[in-house]
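Below is run_38.tsv, which holds TSV, C-alpha atoms and all ligand atoms.
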```
chain	number	residue	atom	x	y	z
A	203	MET	CA	106.31	81.27	119.74
A	204	LYS	CA	106.80	84.98	119.04
A	205	ILE	CA	104.35	87.86	119.27
A	206	GLY	CA	104.81	90.80	116.90
A	207	VAL	CA	103.46	94.29	117.56
A	208	THR	CA	103.32	96.85	114.75
A	209	GLY	CA	103.26	100.58	115.52
A	210	ALA	CA	105.16	99.73	118.70
A	211	THR	CA	106.72	103.19	118.92
A	212	GLY	CA	103.27	104.82	118.72
A	213	GLN	CA	101.27	105.93	121.74
A	214	LEU	CA	99.14	102.76	121.85
A	215	GLY	CA	101.85	100.36	120.73
A	216	ARG	CA	104.36	101.32	123.40
A	217	LEU	CA	101.71	100.74	126.08
A	218	VAL	CA	100.98	97.32	124.57
A	219	VAL	CA	104.68	96.37	124.71
A	220	GLU	CA	104.91	97.60	128.32
A	221	LYS	CA	101.88	95.52	129.30
A	222	LEU	CA	103.04	92.46	127.35
A	223	LYS	CA	106.30	92.53	129.29
A	224	GLU	CA	104.28	92.23	132.51
A	225	ARG	CA	102.63	89.02	131.21
A	226	ILE	CA	105.19	87.20	129.10
A	227	THR	CA	108.96	86.99	128.73
A	228	SER	CA	110.48	89.85	126.72
A	229	GLU	CA	112.35	87.36	124.51
A	230	ILE	CA	109.20	86.44	122.59
A	231	ILE	CA	108.07	90.05	121.93
A	232	VAL	CA	109.05	91.65	118.62
A	233	ALA	CA	108.47	95.35	117.99
A	234	LEU	CA	107.81	95.95	114.28
A	235	VAL	CA	108.71	99.57	113.76
A	236	ARG	CA	109.79	102.08	111.15
A	237	SER	CA	112.80	102.99	113.23
A	238	PRO	CA	114.45	100.27	115.39
A	239	GLN	CA	116.74	103.05	116.69
A	240	LYS	CA	113.69	104.87	118.09
A	241	ALA	CA	112.45	101.60	119.66
A	242	LYS	CA	115.53	100.98	121.85
A	243	TYR	CA	113.78	102.11	125.02
A	244	LEU	CA	111.20	99.33	124.57
A	245	ASP	CA	113.97	96.86	125.46
A	246	VAL	CA	112.65	94.08	123.21
A	247	GLU	CA	113.76	92.80	119.80
A	248	ALA	CA	112.96	95.48	117.21
A	249	ARG	CA	112.75	94.86	113.47
A	250	GLU	CA	112.38	97.43	110.72
A	251	PHE	CA	108.85	97.38	109.38
A	252	ASP	CA	107.27	100.01	107.12
A	253	TYR	CA	103.74	99.26	105.90
A	254	SER	CA	104.57	101.11	102.67
A	255	LYS	CA	107.61	98.96	101.84
A	256	PRO	CA	106.02	95.60	100.95
A	257	GLY	CA	109.35	94.09	99.81
A	258	ASN	CA	110.75	93.93	103.35
A	259	LEU	CA	107.71	92.93	105.38
A	260	ALA	CA	107.66	89.14	105.01
A	261	ASP	CA	111.30	88.86	106.12
A	262	ALA	CA	110.59	90.99	109.19
A	263	LEU	CA	107.67	88.72	110.10
A	264	LYS	CA	109.68	85.47	110.02
A	265	GLY	CA	109.13	83.37	113.14
A	266	ILE	CA	106.18	85.45	114.33
A	267	ASP	CA	103.05	83.42	115.12
A	268	ASN	CA	100.72	86.03	116.59
A	269	LEU	CA	100.67	89.52	115.11
A	270	LEU	CA	99.02	92.59	116.60
A	271	LEU	CA	98.43	94.86	113.62
A	272	ILE	CA	97.93	98.36	115.02
A	273	SER	CA	96.22	100.35	112.31
A	274	SER	CA	98.35	102.93	110.52
A	275	ASN	CA	97.81	106.62	111.19
A	276	GLU	CA	98.31	107.59	107.55
A	277	MET	CA	94.71	108.26	106.57
A	278	GLY	CA	93.94	107.52	102.92
A	279	GLN	CA	96.82	105.04	102.60
A	280	ARG	CA	95.76	102.61	105.24
A	281	VAL	CA	93.97	100.00	103.15
A	282	SER	CA	96.92	99.42	100.82
A	283	GLN	CA	99.33	99.51	103.78
A	284	HIS	CA	97.31	96.98	105.76
A	285	ILE	CA	96.94	94.74	102.68
A	286	ASN	CA	100.75	94.79	102.38
A	287	VAL	CA	101.00	93.53	105.96
A	288	ILE	CA	98.31	90.84	105.54
A	289	LYS	CA	99.96	89.49	102.36
A	290	ALA	CA	103.39	89.45	104.00
A	291	ALA	CA	101.95	87.72	107.07
A	292	LYS	CA	100.61	84.93	104.88
A	293	GLU	CA	103.93	84.59	103.10
A	294	ALA	CA	105.86	84.50	106.38
A	295	GLY	CA	103.62	81.90	108.02
A	296	VAL	CA	102.02	84.15	110.65
A	297	LYS	CA	99.12	82.21	112.15
A	298	TRP	CA	96.90	84.85	113.72
A	299	ILE	CA	96.38	88.59	113.20
A	300	VAL	CA	94.70	90.74	115.84
A	301	TYR	CA	93.72	94.04	114.21
A	302	THR	CA	92.83	97.34	115.92
A	303	SER	CA	89.73	98.50	114.05
A	304	LEU	CA	87.10	101.12	114.91
A	305	LEU	CA	84.03	100.86	117.14
A	306	HIS	CA	81.04	99.68	115.08
A	307	ALA	CA	83.15	99.95	111.91
A	308	ASP	CA	80.35	98.33	109.90
A	309	THR	CA	77.71	100.93	110.79
A	310	SER	CA	79.64	104.02	111.95
A	311	SER	CA	79.27	107.30	110.05
A	312	LEU	CA	82.82	108.32	111.08
A	313	SER	CA	84.93	109.08	108.00
A	314	LEU	CA	87.53	106.70	109.46
A	315	ALA	CA	85.24	103.67	109.28
A	316	GLY	CA	85.65	102.86	105.57
A	317	GLU	CA	89.37	102.07	105.72
A	318	HIS	CA	88.91	99.91	108.81
A	319	LEU	CA	86.00	98.01	107.27
A	320	GLU	CA	87.96	97.37	104.07
A	321	THR	CA	90.86	96.05	106.16
A	322	GLU	CA	88.48	93.78	108.08
A	323	VAL	CA	87.19	92.37	104.76
A	324	GLU	CA	90.77	91.74	103.56
A	325	LEU	CA	91.58	89.95	106.80
A	326	LYS	CA	88.53	87.72	106.49
A	327	LYS	CA	89.44	86.94	102.87
A	328	SER	CA	93.07	86.14	103.77
A	329	GLY	CA	92.31	82.74	105.27
A	330	LEU	CA	94.46	83.64	108.31
A	331	MET	CA	93.02	83.39	111.80
A	332	TYR	CA	91.96	86.87	112.89
A	333	THR	CA	90.41	88.85	115.74
A	334	LEU	CA	89.00	92.35	115.45
A	335	LEU	CA	89.47	94.81	118.29
A	336	ARG	CA	87.05	97.55	117.31
A	337	ASN	CA	88.48	100.28	119.51
A	338	GLY	CA	86.25	103.20	120.47
A	339	TRP	CA	87.44	106.78	120.85
A	340	TYR	CA	90.49	107.52	122.95
A	341	THR	CA	89.51	109.73	125.90
A	342	GLU	CA	92.80	111.53	125.23
A	343	ASN	CA	91.33	112.82	121.92
A	344	TYR	CA	89.21	115.10	124.10
A	345	THR	CA	91.27	115.51	127.26
A	346	GLY	CA	94.13	116.64	125.01
A	347	SER	CA	92.12	119.87	124.62
A	348	VAL	CA	91.87	120.56	128.35
A	349	LYS	CA	94.75	123.05	128.32
A	350	GLY	CA	93.23	124.98	125.40
A	351	ALA	CA	89.80	124.95	127.05
A	352	ILE	CA	91.22	126.45	130.23
A	353	ALA	CA	93.11	129.11	128.25
A	354	GLY	CA	90.06	129.95	126.13
A	355	GLY	CA	87.51	129.74	128.95
A	356	ALA	CA	85.31	127.18	127.16
A	357	PHE	CA	85.45	123.63	125.78
A	358	LEU	CA	84.61	123.77	122.07
A	359	GLY	CA	83.14	121.08	119.88
A	360	SER	CA	80.30	120.01	117.60
A	361	ALA	CA	79.24	116.82	119.36
A	362	GLY	CA	76.00	118.27	120.80
A	363	ASP	CA	74.45	115.90	123.33
A	364	GLY	CA	76.06	112.82	121.77
A	365	LYS	CA	77.12	110.30	124.37
A	366	ILE	CA	80.74	109.27	124.16
A	367	SER	CA	81.90	105.94	125.60
A	368	SER	CA	85.60	106.60	125.22
A	369	ALA	CA	88.41	104.86	127.09
A	370	ILE	CA	92.03	105.78	127.70
A	371	ARG	CA	94.71	104.24	125.46
A	372	SER	CA	96.07	102.25	128.36
A	373	ASP	CA	92.77	100.35	128.75
A	374	TYR	CA	92.70	99.48	125.03
A	375	ALA	CA	96.36	98.43	125.25
A	376	GLU	CA	95.52	96.10	128.12
A	377	ALA	CA	92.69	94.54	126.11
A	378	ALA	CA	95.00	93.98	123.15
A	379	THR	CA	97.51	92.33	125.50
A	380	VAL	CA	94.87	90.08	127.05
A	381	VAL	CA	93.68	88.97	123.61
A	382	ILE	CA	97.04	88.40	121.90
A	383	THR	CA	98.32	86.32	124.84
A	384	GLY	CA	95.02	84.57	125.48
A	385	LYS	CA	92.88	81.72	124.20
A	386	ASN	CA	89.44	81.51	122.59
A	387	HIS	CA	89.60	84.89	120.84
A	388	VAL	CA	90.05	83.68	117.25
A	389	GLY	CA	87.27	84.83	114.89
A	390	LYS	CA	85.81	87.19	117.48
A	391	ILE	CA	84.85	90.82	116.95
A	392	TYR	CA	85.09	92.94	120.09
A	393	GLU	CA	83.35	96.33	120.30
A	394	LEU	CA	85.59	98.07	122.82
A	395	ALA	CA	84.52	101.22	124.66
A	396	GLY	CA	84.56	102.80	128.11
A	397	ASP	CA	82.03	101.83	130.76
A	398	GLU	CA	81.03	105.45	131.34
A	399	ALA	CA	79.25	107.46	128.63
A	400	TYR	CA	79.51	111.25	128.82
A	401	THR	CA	78.60	114.28	126.73
A	402	LEU	CA	81.02	117.13	126.11
A	403	THR	CA	78.87	119.15	128.54
A	404	ASP	CA	79.66	116.51	131.17
A	405	LEU	CA	83.35	116.69	130.28
A	406	ALA	CA	83.38	120.50	130.58
A	407	ALA	CA	81.62	120.21	133.96
A	408	GLU	CA	84.31	117.76	135.15
A	409	ILE	CA	87.09	120.13	134.03
A	410	SER	CA	85.29	123.00	135.81
A	411	LYS	CA	84.95	120.93	138.97
A	412	GLN	CA	88.59	119.88	139.06
A	413	THR	CA	90.03	123.32	138.20
A	414	GLY	CA	87.57	125.42	140.21
A	415	LYS	CA	87.07	127.52	137.05
A	416	SER	CA	83.93	127.92	134.98
A	417	ILE	CA	84.63	126.13	131.70
A	418	PRO	CA	81.31	125.68	129.88
A	419	TYR	CA	80.87	123.53	126.78
A	420	ARG	CA	80.23	125.63	123.66
A	421	ASN	CA	78.58	123.63	120.88
A	422	LEU	CA	79.38	125.02	117.44
A	423	PRO	CA	78.19	124.31	113.90
A	424	GLU	CA	80.62	121.97	112.11
A	425	ASN	CA	82.10	124.61	109.77
A	426	GLU	CA	82.58	127.12	112.59
A	427	TYR	CA	84.38	124.57	114.76
A	428	ALA	CA	86.58	123.53	111.81
A	429	SER	CA	87.43	127.21	111.13
A	430	ILE	CA	88.45	127.77	114.74
A	431	LEU	CA	90.70	124.68	114.65
A	432	LYS	CA	92.28	126.02	111.43
A	433	SER	CA	92.80	129.41	113.06
A	434	PHE	CA	94.86	127.61	115.74
A	435	GLY	CA	97.16	126.40	112.95
A	436	MET	CA	95.69	122.95	112.38
A	437	PRO	CA	95.93	121.72	108.75
A	438	GLU	CA	92.62	122.16	106.91
A	439	GLY	CA	91.99	118.47	106.19
A	440	TYR	CA	92.57	117.48	109.80
A	441	ALA	CA	90.46	120.34	111.19
A	442	ASN	CA	87.57	119.37	108.90
A	443	ALA	CA	87.95	115.71	109.88
A	444	ILE	CA	87.87	116.48	113.62
A	445	ALA	CA	84.74	118.62	113.27
A	446	GLY	CA	83.14	115.88	111.18
A	447	TRP	CA	83.97	113.22	113.80
A	448	ASP	CA	82.17	115.36	116.38
A	449	ILE	CA	79.09	115.38	114.13
A	450	SER	CA	79.27	111.58	114.08
A	451	ALA	CA	79.59	111.69	117.88
A	452	SER	CA	76.44	113.82	118.03
A	453	LYS	CA	74.63	110.99	116.19
A	454	GLY	CA	75.77	108.46	118.79
A	455	ASP	CA	78.55	106.84	116.79
A	456	LEU	CA	80.98	106.96	119.73
A	457	PHE	CA	78.49	105.34	122.09
A	458	ASP	CA	78.45	101.73	123.19
A	459	ASN	CA	77.07	100.14	126.33
A	460	THR	CA	78.09	96.52	125.94
A	461	HIS	CA	81.02	96.79	128.40
A	462	GLN	CA	83.14	94.37	126.36
A	463	LEU	CA	86.33	96.27	127.21
A	464	SER	CA	85.90	95.98	130.98
A	465	LYS	CA	84.92	92.32	130.58
A	466	LEU	CA	88.14	91.65	128.66
A	467	ILE	CA	90.44	93.47	131.09
A	468	GLY	CA	88.61	92.16	134.14
A	469	ARG	CA	88.07	95.55	135.79
A	470	PRO	CA	86.09	98.75	135.16
A	471	THR	CA	87.57	101.06	132.55
A	472	THR	CA	89.36	104.17	133.80
A	473	SER	CA	86.85	106.84	134.79
A	474	LEU	CA	86.47	110.26	133.18
A	475	THR	CA	87.39	111.82	136.52
A	476	VAL	CA	90.77	110.06	136.51
A	477	ALA	CA	91.32	110.80	132.81
A	478	VAL	CA	90.74	114.54	133.41
A	479	LYS	CA	92.98	114.43	136.49
A	480	ASN	CA	95.74	112.85	134.37
A	481	ALA	CA	95.29	115.48	131.65
A	482	LEU	CA	95.46	118.32	134.19
A	483	ALA	CA	98.63	116.84	135.69
A	484	ILE	CA	100.26	116.94	132.23
A	485	THR	CA	99.29	120.61	131.71
A	486	LYS	CA	100.99	121.66	134.99
B	1	LIG	N1	90.42	105.17	118.62
B	1	LIG	C1	90.87	106.40	118.48
B	1	LIG	O1	90.38	107.38	119.07
B	1	LIG	C2	92.04	106.64	117.61
B	1	LIG	C3	92.62	107.90	117.58
B	1	LIG	C4	93.74	108.09	116.81
B	1	LIG	C5	94.25	107.03	116.07
B	1	LIG	N2	93.68	105.82	116.12
B	1	LIG	C6	94.18	104.65	115.37
B	1	LIG	O2	94.90	103.84	116.29
B	1	LIG	C7	96.26	103.72	115.87
B	1	LIG	C8	97.16	103.71	117.10
B	1	LIG	O3	96.91	104.90	117.83
B	1	LIG	P1	98.11	105.73	118.44
B	1	LIG	O4	97.53	106.70	119.35
B	1	LIG	O5	99.16	104.81	118.92
B	1	LIG	O6	98.66	106.47	117.13
B	1	LIG	P2	100.10	107.08	116.93
B	1	LIG	O7	100.72	107.46	118.22
B	1	LIG	O8	99.96	108.11	115.88
B	1	LIG	O9	100.95	105.84	116.37
B	1	LIG	C9	100.77	105.35	115.09
B	1	LIG	C10	101.84	104.32	114.84
B	1	LIG	O10	101.71	103.88	113.49
B	1	LIG	C11	103.03	103.80	112.96
B	1	LIG	N3	103.04	103.96	111.52
B	1	LIG	C12	102.54	104.97	110.78
B	1	LIG	N4	102.79	104.78	109.49
B	1	LIG	C13	103.50	103.64	109.42
B	1	LIG	C14	104.09	102.93	108.34
B	1	LIG	N5	104.02	103.38	107.09
B	1	LIG	N6	104.73	101.78	108.62
B	1	LIG	C15	104.83	101.31	109.88
B	1	LIG	N7	104.32	101.95	110.95
B	1	LIG	C16	103.67	103.10	110.70
B	1	LIG	C17	103.79	104.95	113.61
B	1	LIG	O11	105.16	104.72	113.50
B	1	LIG	P3	106.26	105.77	114.03
B	1	LIG	O12	106.35	105.54	115.52
B	1	LIG	O13	107.48	105.42	113.29
B	1	LIG	O14	105.74	107.15	113.71
B	1	LIG	C18	103.25	104.86	115.03
B	1	LIG	O15	104.00	103.93	115.77
B	1	LIG	C19	96.48	104.90	114.93
B	1	LIG	O16	97.53	104.63	114.04
B	1	LIG	C20	95.14	105.04	114.26
B	1	LIG	O17	94.97	104.09	113.22
B	1	LIG	C21	92.59	105.60	116.89
```
Would you kindly transcribe this structure into structure tokens?
Amino acid sequence: MKIGVTGATGQLGRLVVEKLKERITSEIIVALVRSPQKAKYLDVEAREFDYSKPGNLADALKGIDNLLLISSNEMGQRVSQHINVIKAAKEAGVKWIVYTSLLHADTSSLSLAGEHLETEVELKKSGLMYTLLRNGWYTENYTGSVKGAIAGGAFLGSAGDGKISSAIRSDYAEAATVVITGKNHVGKIYELAGDEAYTLTDLAAEISKQTGKSIPYRNLPENEYASILKSFGMPEGYANAIAGWDISASKGDLFDNTHQLSKLIGRPTTSLTVAVKNALAITK
């Protein structure tokens, strides 16, 4: 039995491999990556695997029973890329695909939801066994801005009073590990999110508390926030997308209180206090 992990050199994927190695023998883990050279530090078998090169995928999947398909980060191309993987998995005899989708992908107003939902439909149509890990927001999406907030004297966003039940990547990676090595998960859809819901005002207050500086949250209209992100050098499409995701957050699309993530990993999710502490340690 072999377990394959796509995107294993990405930020989530490398955490999954690390955590898998704590649970199962390294010999049965296969990192499916664009660059096996880049994957050497993972210290597991690495096979070349590019979602956009359908000709090579089935060969790379030979002998793999359980496949964790970590969604691609190439927005706009993801449906065709994921279809390539699903088709190759069928051809190669993969039994079960666990796919990292998006929280409430079927109802979310996030612009990201469509590609995830289409992938979910393709998986269901494929006839393969599947499990959907509908991952909520990464806390790092926000704590990554801590340094900028300290420099600018305010935390900027457009999320209003929207409650955000994010979790750190490591918690989602643990859930993926529990599922792909576990039993009784086939056919299930997990809505995964942090135990603690916070607003960006709460986040700014936590940063203020931990730094001893006054860092208020400044809520901005969507276009103003996008313009500021562009002025920092962010590409226009990405800046607009980030501002738009905050608008979805303001409508509650990043909120969930079902605690399915902590139930899966068997412990509370990492707190906002710890996540901010980690982010501040990185900025030092
Ligand atoms: N829930 C959230 O808040 C959130 C936020 C951001 C992203 N996401 C989604 O979650 C996924 C994992 O997150 P992450 O933080 O680990 O993202 P990441 O660090 O950007 O990693 C993405 C991974 O996808 C791989 N990849 C991209 N295009 C590929 C292709 N054509 N063929 C094969 N592999 C390809 C990358 O390979 P290389 O290592 O070779 O570059 C990388 O390993 C993302 O890809 C995205 O779909 C979720």
Q | Long-range neighbours of range 407-423 of chain A as a VMD selection string, 6 Å cut-off, only C-alpha atoms, 4 positions minimum in chain | A | chain A and resid 355 to 360 362 403 427
Q: Would you please work out which residue, of A:Leu312, A:Met203, A:Val287, A:Leu222, is nearest to Ile266 in chain A when using only C-alpha atoms?
A: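 Closest candidate: A:Met203.
Interatomic distance, CA of Ser303 in chain A against CA of Lys365 in chain A: 20.1 Å.
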Q | Residue nearest ligand LIG 1 (chain B) among A:Lys349, A:Lys264, A:His461, A:Lys255 (counting only C-alpha atoms and all ligand atoms) | A | A:Lys255
**Q.** Selection within 9 Å of ligand LIG 1 (chain B) by all atoms listed in the file, output as a VMD selection string
**A.** chain A and resid 208 to 217 234 to 238 240 to 241 250 to 255 272 to 277 279 to 280 283 302 to 305 314 318 336 to 343 368 to 371 374
So that each row is one residue of range 243-320 of chain A with an atom at most 9 Å from range 383-390 of chain A, can you give its shortest atom pair and the distance in Å to one decimal, using all atoms listed in the file, rows by chain and rising number, as JSON lines?
```
{"residue": "A:Asn268", "atom": "CA", "partner": "A:Thr383", "partner_atom": "CA", "distance": 8.6}
{"residue": "A:Trp298", "atom": "CA", "partner": "A:Val388", "partner_atom": "CA", "distance": 7.8}
{"residue": "A:Ile299", "atom": "CA", "partner": "A:Val388", "partner_atom": "CA", "distance": 9.0}
{"residue": "A:Val300", "atom": "CA", "partner": "A:Val388", "partner_atom": "CA", "distance": 8.6}
```
